[in-house]
Each structure stands twice: as structure tokens, then as C-alpha cells.
Amino acid sequence: MEVKCPLCGGGPCSAIEDSLDPVTGRRWTFARCAACGAEFSDPMENPGPEWYAKAAMYKEDACRSGEAAGVRAGIFLRLGLPKGTRLLDVGCGTGEFLALAGKAGYSDCSGIDFSSDQIRLARELSGLKDVSVSSLDDFAPGHAGSFDFISAFEVLEHQADPADFIEKLKKMLVPGGVLMLSMPNAARPLLFGGREGWDFPPHHLTRWTAPRLDRFLAAHGLERVLLEDSALGEEQVYNQLLGVKADEAVKAAVAAVKKLFFGERGAAPADQLAATGGGVAGLLKFRAARRLPVTALKLFLRALVLPVSLPLLLYYLARGHRGIALVAVYKVK
Ligand SMILES: [Zn+2]
């Protein structure tokens with residue numbers, strides 16, 4: 001391949017797979033750099049907000065990550081940063097992480113996201129004031145040295161220029177400022193080699209493991225504070241089993257259960273629920289109640305596939321596979 005590695009500028013790079021984007025019908029190639037081990041899309045091209053609006057997996061409930069936000073907030077709190085820390089969450093979505101930080105006493109919380117729907121929900125559901133619809137390119141120049149802590153969860157792998165992205169975040173931090181990133185771990189097991197749909201371009205333009213990420217961030221002059229990949233568990237193997245073969249059937253079952261217990265409102269997407277009004281507290285209560293029968297359904301299905309998922313989990317563990325979540329905390333020197 002003629003292409004140069006977008007992470008280290010070196011090579012040689014060789015194609016490792018081809019894929020088809022079902023939204024546009026366009027073909028993409030994924031490549032690996034022999035020099036630094038980076039895995040990246042050719043071309044490195046972010047499809048823009050219109051594409052994300054069309055791609056079903058980023059809509060409604062799918063993009064709300066309450067559980068993941070709790071885990072990330074737990075790691076953030078363990079850092080023990082002073083309460084006056086100025087926080088920025090890049091790609092803040094509906095604002096769960098910032099809301100949790102706010103609850104823990106961090107009052108200087110800002111967020112940006114390019115989706116106006118997500119920012120509206122961040123205001124309505126998470127009660128955040130200082131969140132705005134903006135791209136990093138528009139926001140960064142006016143905010144040099146403005147933050148003590150910047151997080152970007154599940155964002156790096158979408159960037160067309162990861163090196164430029166990291167440099168922009170660094171410039172917005174004070175010296176000694178802290179950067180926290182998360183992304184899917186490429187060292188997770190793949191069922192029969194079947195990668196999840198979201199892991200192909202133009203969703204994800206790069207794939208990361210802990211050593212790859214560490215090399216990349218160190219090359220940008222950042223100092224490691226913490227680099228964690230999650231342990232592999234039975235739930236992830238279950239998600240993988242039903243994710244590859246029966247995703248649509250499970251989604252339909254979940255929708256049917258929501259409708260059975262809560263009627264039409266139960267089956268409505270999260271953003272339409274918000275629009276029906278009735279106060280934030282009432283809405284959150286309803287959403288929590290709506291999750292209960294779905295959780296019960298999931299536990300039932302997990303028990304059902306246990307005879308398959310358990311031996312598979314043991315096999316994966318024996319091969320040294322890790323869980324799906326990769327979290328990094330690095331410091332500006
Ligand atoms: Zn490289």
C-alpha cells in the first residue's frame with residue numbers, strides 16, 4: 001500500500017480487510033502499520049453529522065451510556081482532583097458523566113457535542129448549563145489553557161486525524177492538566193472473527209489496544225497516570241453471542257416487553273419521551289421503571305445461553321483476551 005501511517009507518519013502499511021458501509025454503500029479498507037502497529041481506515045475520513053444522523057446505532061437509547069458513565073465517573077473520582085477543577089467533556093452526549101461529576105461536587109463542568117439533540121437532552125435530563133453544540137475545531141482556538149481536566153469518551157476512534165485531535169486537547173489544558181480517554185479495546189475476543197458493525201469505517205477509523213494507545217500518547221509528550229482495560233466477563237460474551245446472530249430479534253423482544261408493561265409511551269425513544277414533558281424527575285423515574293422488565297428479560301436470556309457462553313468465556317480467558325473497555329488517563333508534562 002502507498003498510504004503513510006496517519007499515527008506515526010511511517011510504514012510500510014498493508015491492507016488487512018475490506019468492508020462495506022451499509023448507510024452509503026461505499027467500500028472502505030482497513031490497514032496496519034508495520035512500524036507502530038497502528039490499525040487505521042484508508043481513507044481516514046470522518047463521515048460528518050449527517051451520516052451519524054442516518055446511522056441507526058447512534059440514535060436514541062443506543063447512545064445513552066448510563067452504566068459506562070458510572071464506571072468512568074468512578075475512575076475520575078479516584079484521581080482525587082481538587083473540587084475547583086475546570087472540566088471539559090468533548091463529545092459529552094447527553095451529559096451523564098458531567099452530571100455525575102457535578103453530583104460529586106465538581107461544579108465547573110463544560111461540555112461540547114456536535115449533536116443538537118444530545119445537547120438538548122444534556123440540558124433537560126442531566127440539568128447541565130454550560131454545554132454547547134460545537135465541533136472541536138470551532139471550540140478549541142478560543143479555549144487555550146482553559147481547563148484542568150478534559151475527557152473524551154469513545155471519540156478518538158472517530159477522528160480523521162488522531163494526532164491533531166490530541167494536540168488540540170493538549171492546548172486547551174494547563175501544564176500538568178489531565179486528559180482522560182476511553183475507547184473499545186481491540187484486544188477483546190471476536191466471535192468466529194465476527195467484528196461488531198460499529199467497529200468498521202466510517203464509524204471507527206482507528207482501533208486501539210493498551211500498548212498501541214500508550215505508544216501514541218507518549219509520542220505526544222503525555223505522561224501515563226492510568227491505563228486500564230476491563231476484565232472479560234460472561235455478560236460481554238452473551239452480548240457478543242446475541243449481538244452477532246440475533247441482535248434484531250432481541251431488540252424486537254425488548255420493544256415488545258416495554259410496550260407490554262408501559263404501553264405506547266413505554267416503547268417511545270428517549271428523545272421523544274423528553275419532549276412529552278412532565279418534569280425531569282418524573283421522566284427519570286419512568287425511564288428507570290421502564291428498564292426493569294428489560295433487565296429481567298436480559299437476565300433470562302443470559303441464563304438461557306449460559307451453557308454456550310460459559311465455556312466460550314473460559315476459552316477466551318485462556319487465550320489472554322481482555323474486556324471491551326479501554327480507559328486512559330494521561331498528564332500534560
Ligand atoms: Zn505507524
# chains A, B, ... in the order shown; residues from 1 in each chain; ligands from 1
>>> residues_near_ligand(ligand="ligand 1", cutoff="7 Å", atoms="only C-alpha atoms and all ligand atoms", output="list in words")
Cys5, Pro6, Leu7, Cys8, Gly9, Gly10, Gly11, Cys33, Ala34, Ala35, Cys36, Gly37 and Ala38 of chain A
>>> closest_atom_pairs(of="stretch 292-327 of chain A", to="stretch 220-235 of chain A", cutoff="7 Å", atoms="only C-alpha atoms", output="tab-separated table")
residue	atom	partner	partner_atom	distance
A:Ser309	CA	A:Glu234	CA	6.5
A:Leu310	CA	A:Glu234	CA	6.5
A:Leu313	CA	A:Glu234	CA	6.3
A:Arg322	CA	A:Leu232	CA	5.1
A:Gly323	CA	A:Leu232	CA	4.0
A:Ile324	CA	A:Ser230	CA	6.5
A:Ala325	CA	A:Ser230	CA	5.3
A:Leu326	CA	A:Asp229	CA	4.4
A:Val327	CA	A:Glu228	CA	5.2
>>> residues_around(residues="A:Leu173", least_positions_apart="3", cutoff="6 Å", atoms="only C-alpha atoms", output="list in words")
Gly145, Phe147, Asp148, Lys170 and Gly177 of chain A
>>> write_last_selection(atoms="C-alpha atoms", output="PDB file, in the first residue's frame")
ATOM      1  CA  GLY A 145      -5.141  26.694  28.606  1.00  0.00           C
ATOM      2  CA  PHE A 147      -9.157  23.545  31.501  1.00  0.00           C
ATOM      3  CA  ASP A 148      -7.526  21.391  34.191  1.00  0.00           C
ATOM      4  CA  LYS A 170      -3.435  19.329  24.961  1.00  0.00           C
ATOM      5  CA  GLY A 177      -3.569  19.142  33.168  1.00  0.00           C
TER       6      GLY A 177
END
>>> closest_residue(among="A:Leu136, A:Leu128, A:Val23, A:Ala122", to="A:Tyr52", atoms="only C-alpha atoms")
A:Val23
>>> atom_distance(atom1="atom CA of A:Glu45", atom2="atom CA of A:Arg195")
20.2 Å
>>> closest_residue(among="A:Glu196, A:Asp214, A:Asp108, A:Asp137", to="A:Phe149", atoms="only C-alpha atoms")
A:Asp108
>>> closest_residue(among="A:Val329, A:Ala55, A:Leu292, A:Ala256", to="A:Pro22", atoms="only C-alpha atoms")
A:Ala55
>>> residues_around(residues="A:Leu98", least_positions_apart="6", cutoff="9 Å", atoms="only C-alpha atoms", output="mmCIF file with C-alpha atoms, in the first residue's frame")
data_model
loop_
_atom_site.group_PDB
_atom_site.id
_atom_site.type_symbol
_atom_site.label_atom_id
_atom_site.label_comp_id
_atom_site.auth_asym_id
_atom_site.auth_seq_id
_atom_site.Cartn_x
_atom_site.Cartn_y
_atom_site.Cartn_z
ATOM 1 C CA ALA A 69 -20.689 6.846 32.582
ATOM 2 C CA ALA A 73 -17.009 8.765 36.853
ATOM 3 C CA LEU A 87 -13.742 20.105 33.489
ATOM 4 C CA LEU A 88 -14.479 19.818 29.782
ATOM 5 C CA ASP A 89 -16.122 16.748 28.246
ATOM 6 C CA CYS A 92 -20.404 14.923 26.042
ATOM 7 C CA TYR A 106 -17.286 19.406 40.752
ATOM 8 C CA CYS A 109 -18.362 21.432 34.202
ATOM 9 C CA SER A 110 -18.480 22.222 30.472
ATOM 10 C CA GLY A 111 -19.302 20.017 27.528
ATOM 11 C CA SER A 126 -28.750 15.965 33.106
ATOM 12 C CA LEU A 128 -26.269 20.904 32.658
#
>>> select_by_dssp(residues="stretch 103-298 of chain A", states="strand (DSSP E or B)", output="PyMOL selection string")
chain A and resi 109-113+131-133+147-153+173-185+191+194+206-208+222-229
>>> write_last_selection(atoms="C-alpha atoms", output="compact mmCIF listing (two decimals), in the first residue's frame")
# COMPACT_ATOMS: atom_id res chain seq x y z
CA CYS A 109 -18.36 21.43 34.20
CA SER A 110 -18.48 22.22 30.47
CA GLY A 111 -19.30 20.02 27.53
CA ILE A 112 -19.45 20.16 23.75
CA ASP A 113 -21.09 17.85 21.25
CA VAL A 131 -22.96 22.65 27.35
CA SER A 132 -22.98 23.72 23.72
CA VAL A 133 -23.32 22.46 20.18
CA PHE A 147 -9.16 23.54 31.50
CA ASP A 148 -7.53 21.39 34.19
CA PHE A 149 -9.21 18.18 33.03
CA ILE A 150 -10.54 17.12 29.64
CA SER A 151 -12.36 13.89 28.91
CA ALA A 152 -13.27 12.42 25.52
CA PHE A 153 -15.10 9.12 25.77
CA LEU A 173 -5.19 22.05 29.10
CA VAL A 174 -2.99 23.89 31.59
CA PRO A 175 0.53 22.46 32.22
CA GLY A 176 0.02 19.40 34.44
CA GLY A 177 -3.57 19.14 33.17
CA VAL A 178 -5.19 15.72 32.91
CA LEU A 179 -6.62 14.02 29.84
CA MET A 180 -9.00 11.05 30.12
CA LEU A 181 -9.94 8.91 27.11
CA SER A 182 -11.95 5.77 26.55
CA MET A 183 -12.47 3.57 23.52
CA PRO A 184 -13.30 -0.03 22.59
CA ASN A 185 -10.41 -2.40 23.25
CA LEU A 191 -16.83 -14.35 17.97
CA GLY A 194 -17.09 -11.52 13.53
CA THR A 206 -8.77 3.55 14.18
CA ARG A 207 -8.58 0.52 16.53
CA TRP A 208 -6.69 0.58 19.80
CA LEU A 222 1.89 12.82 27.59
CA GLU A 223 2.70 11.02 30.83
CA ARG A 224 0.76 7.94 31.89
CA VAL A 225 -1.28 8.18 35.10
CA LEU A 226 -3.51 5.17 34.47
CA LEU A 227 -4.16 2.77 31.59
CA GLU A 228 -6.80 0.10 32.17
CA ASP A 229 -8.50 -2.49 30.05
>>> closest_residue(among="A:Val308, A:Ala318, A:Ala255, A:Val294", to="A:Leu242", atoms="only C-alpha atoms")
A:Val308
>>> select_by_dssp(residues="stretch 52-261 of chain A", states="helix (DSSP H, G or I)", output="MDAnalysis selection string")
chainID A and resid 52:54 56:58 60:63 66:78 96:103 116:124 136:143 156:158 162:172 197:199 210:219 234:245 247:261
>>> write_last_selection(atoms="C-alpha atoms", output="CSV table (one decimal), in the first residue's frame")
chain,number,residue,atom,x,y,z
A,52,TYR,CA,-24.4,9.9,12.1
A,53,ALA,CA,-28.0,11.1,11.9
A,54,LYS,CA,-28.7,8.4,9.4
A,56,ALA,CA,-29.4,3.9,13.4
A,57,MET,CA,-27.0,2.7,16.1
A,58,TYR,CA,-26.3,6.2,17.3
A,60,GLU,CA,-32.0,7.3,21.0
A,61,ASP,CA,-31.3,4.8,23.7
A,62,ALA,CA,-28.4,3.3,21.9
A,63,CYS,CA,-26.2,6.3,22.6
A,66,GLY,CA,-25.6,5.3,31.9
A,67,GLU,CA,-23.6,2.3,33.1
A,68,ALA,CA,-20.4,3.3,31.3
A,69,ALA,CA,-20.7,6.8,32.6
A,70,GLY,CA,-20.8,5.4,36.1
A,71,VAL,CA,-17.6,3.4,35.6
A,72,ARG,CA,-15.9,6.4,34.1
A,73,ALA,CA,-17.0,8.8,36.9
A,74,GLY,CA,-15.7,6.2,39.4
A,75,ILE,CA,-12.2,6.3,37.8
A,76,PHE,CA,-12.4,10.1,37.6
A,77,LEU,CA,-13.2,10.4,41.3
A,78,ARG,CA,-10.4,8.0,42.2
A,96,GLU,CA,-24.2,11.6,32.2
A,97,PHE,CA,-20.5,11.8,33.1
A,98,LEU,CA,-20.6,15.6,33.8
A,99,ALA,CA,-23.8,15.2,35.8
A,100,LEU,CA,-22.1,12.6,38.0
A,101,ALA,CA,-19.0,14.7,38.4
A,102,GLY,CA,-21.3,17.6,39.3
A,103,LYS,CA,-23.1,15.5,41.9
A,116,SER,CA,-28.0,19.5,19.0
A,117,ASP,CA,-30.4,16.6,20.1
A,118,GLN,CA,-27.8,15.3,22.5
A,119,ILE,CA,-27.1,18.8,23.9
A,120,ARG,CA,-30.8,19.4,24.4
A,121,LEU,CA,-31.0,16.2,26.4
A,122,ALA,CA,-27.9,17.1,28.3
A,123,ARG,CA,-29.7,20.3,29.4
A,124,GLU,CA,-33.1,18.7,30.0
A,136,LEU,CA,-13.7,20.8,18.5
A,137,ASP,CA,-12.2,22.8,15.5
A,138,ASP,CA,-14.6,25.7,16.4
A,139,PHE,CA,-14.2,25.4,20.1
A,140,ALA,CA,-10.5,24.8,20.7
A,141,PRO,CA,-8.9,28.0,19.4
A,142,GLY,CA,-10.8,30.2,21.9
A,143,HIS,CA,-10.0,28.0,24.9
A,156,LEU,CA,-10.7,9.2,19.5
A,157,GLU,CA,-11.6,6.3,17.3
A,158,HIS,CA,-13.9,8.5,15.2
A,162,PRO,CA,-6.0,11.4,15.8
A,163,ALA,CA,-2.6,13.3,16.2
A,164,ASP,CA,-4.2,16.7,15.6
A,165,PHE,CA,-7.1,15.8,17.9
A,166,ILE,CA,-4.7,15.0,20.8
A,167,GLU,CA,-2.7,18.2,20.1
A,168,LYS,CA,-5.9,20.3,20.2
A,169,LEU,CA,-6.9,18.8,23.6
A,170,LYS,CA,-3.4,19.3,25.0
A,171,LYS,CA,-3.5,23.0,24.0
A,172,MET,CA,-6.8,23.5,25.9
A,197,GLY,CA,-20.9,-3.4,12.9
A,198,TRP,CA,-19.8,-0.2,14.7
A,199,ASP,CA,-16.2,-1.2,14.5
A,210,ALA,CA,-3.4,-0.6,25.6
A,211,PRO,CA,0.1,-0.8,24.2
A,212,ARG,CA,-0.8,0.9,21.0
A,213,LEU,CA,-2.5,3.8,22.8
A,214,ASP,CA,0.4,4.1,25.3
A,215,ARG,CA,2.9,4.4,22.4
A,216,PHE,CA,0.8,7.0,20.7
A,217,LEU,CA,0.1,9.2,23.7
A,218,ALA,CA,3.8,9.0,24.9
A,219,ALA,CA,4.8,10.2,21.4
A,234,GLU,CA,-19.9,-13.6,30.9
A,235,GLU,CA,-22.1,-10.6,30.1
A,236,GLN,CA,-19.9,-9.4,27.3
A,237,VAL,CA,-19.7,-13.0,25.8
A,238,TYR,CA,-23.6,-13.0,26.0
A,239,ASN,CA,-23.8,-9.6,24.2
A,240,GLN,CA,-21.4,-10.9,21.6
A,241,LEU,CA,-23.4,-14.1,21.0
A,242,LEU,CA,-26.7,-12.4,20.6
A,243,GLY,CA,-25.2,-9.3,19.0
A,244,VAL,CA,-23.8,-11.2,16.0
A,245,LYS,CA,-26.6,-13.6,15.4
A,247,ASP,CA,-29.5,-8.5,17.5
A,248,GLU,CA,-32.7,-7.5,15.7
A,249,ALA,CA,-34.7,-10.3,17.4
A,250,VAL,CA,-33.5,-9.2,20.8
A,251,LYS,CA,-34.3,-5.5,20.0
A,252,ALA,CA,-37.8,-6.5,18.9
A,253,ALA,CA,-38.3,-8.5,22.1
A,254,VAL,CA,-37.1,-5.6,24.2
A,255,ALA,CA,-39.5,-3.2,22.4
A,256,ALA,CA,-42.4,-5.7,22.9
A,257,VAL,CA,-41.6,-6.0,26.7
A,258,LYS,CA,-41.5,-2.2,27.1
A,259,LYS,CA,-44.8,-1.9,25.2
A,260,LEU,CA,-46.5,-4.8,27.2
A,261,PHE,CA,-45.6,-3.1,30.6
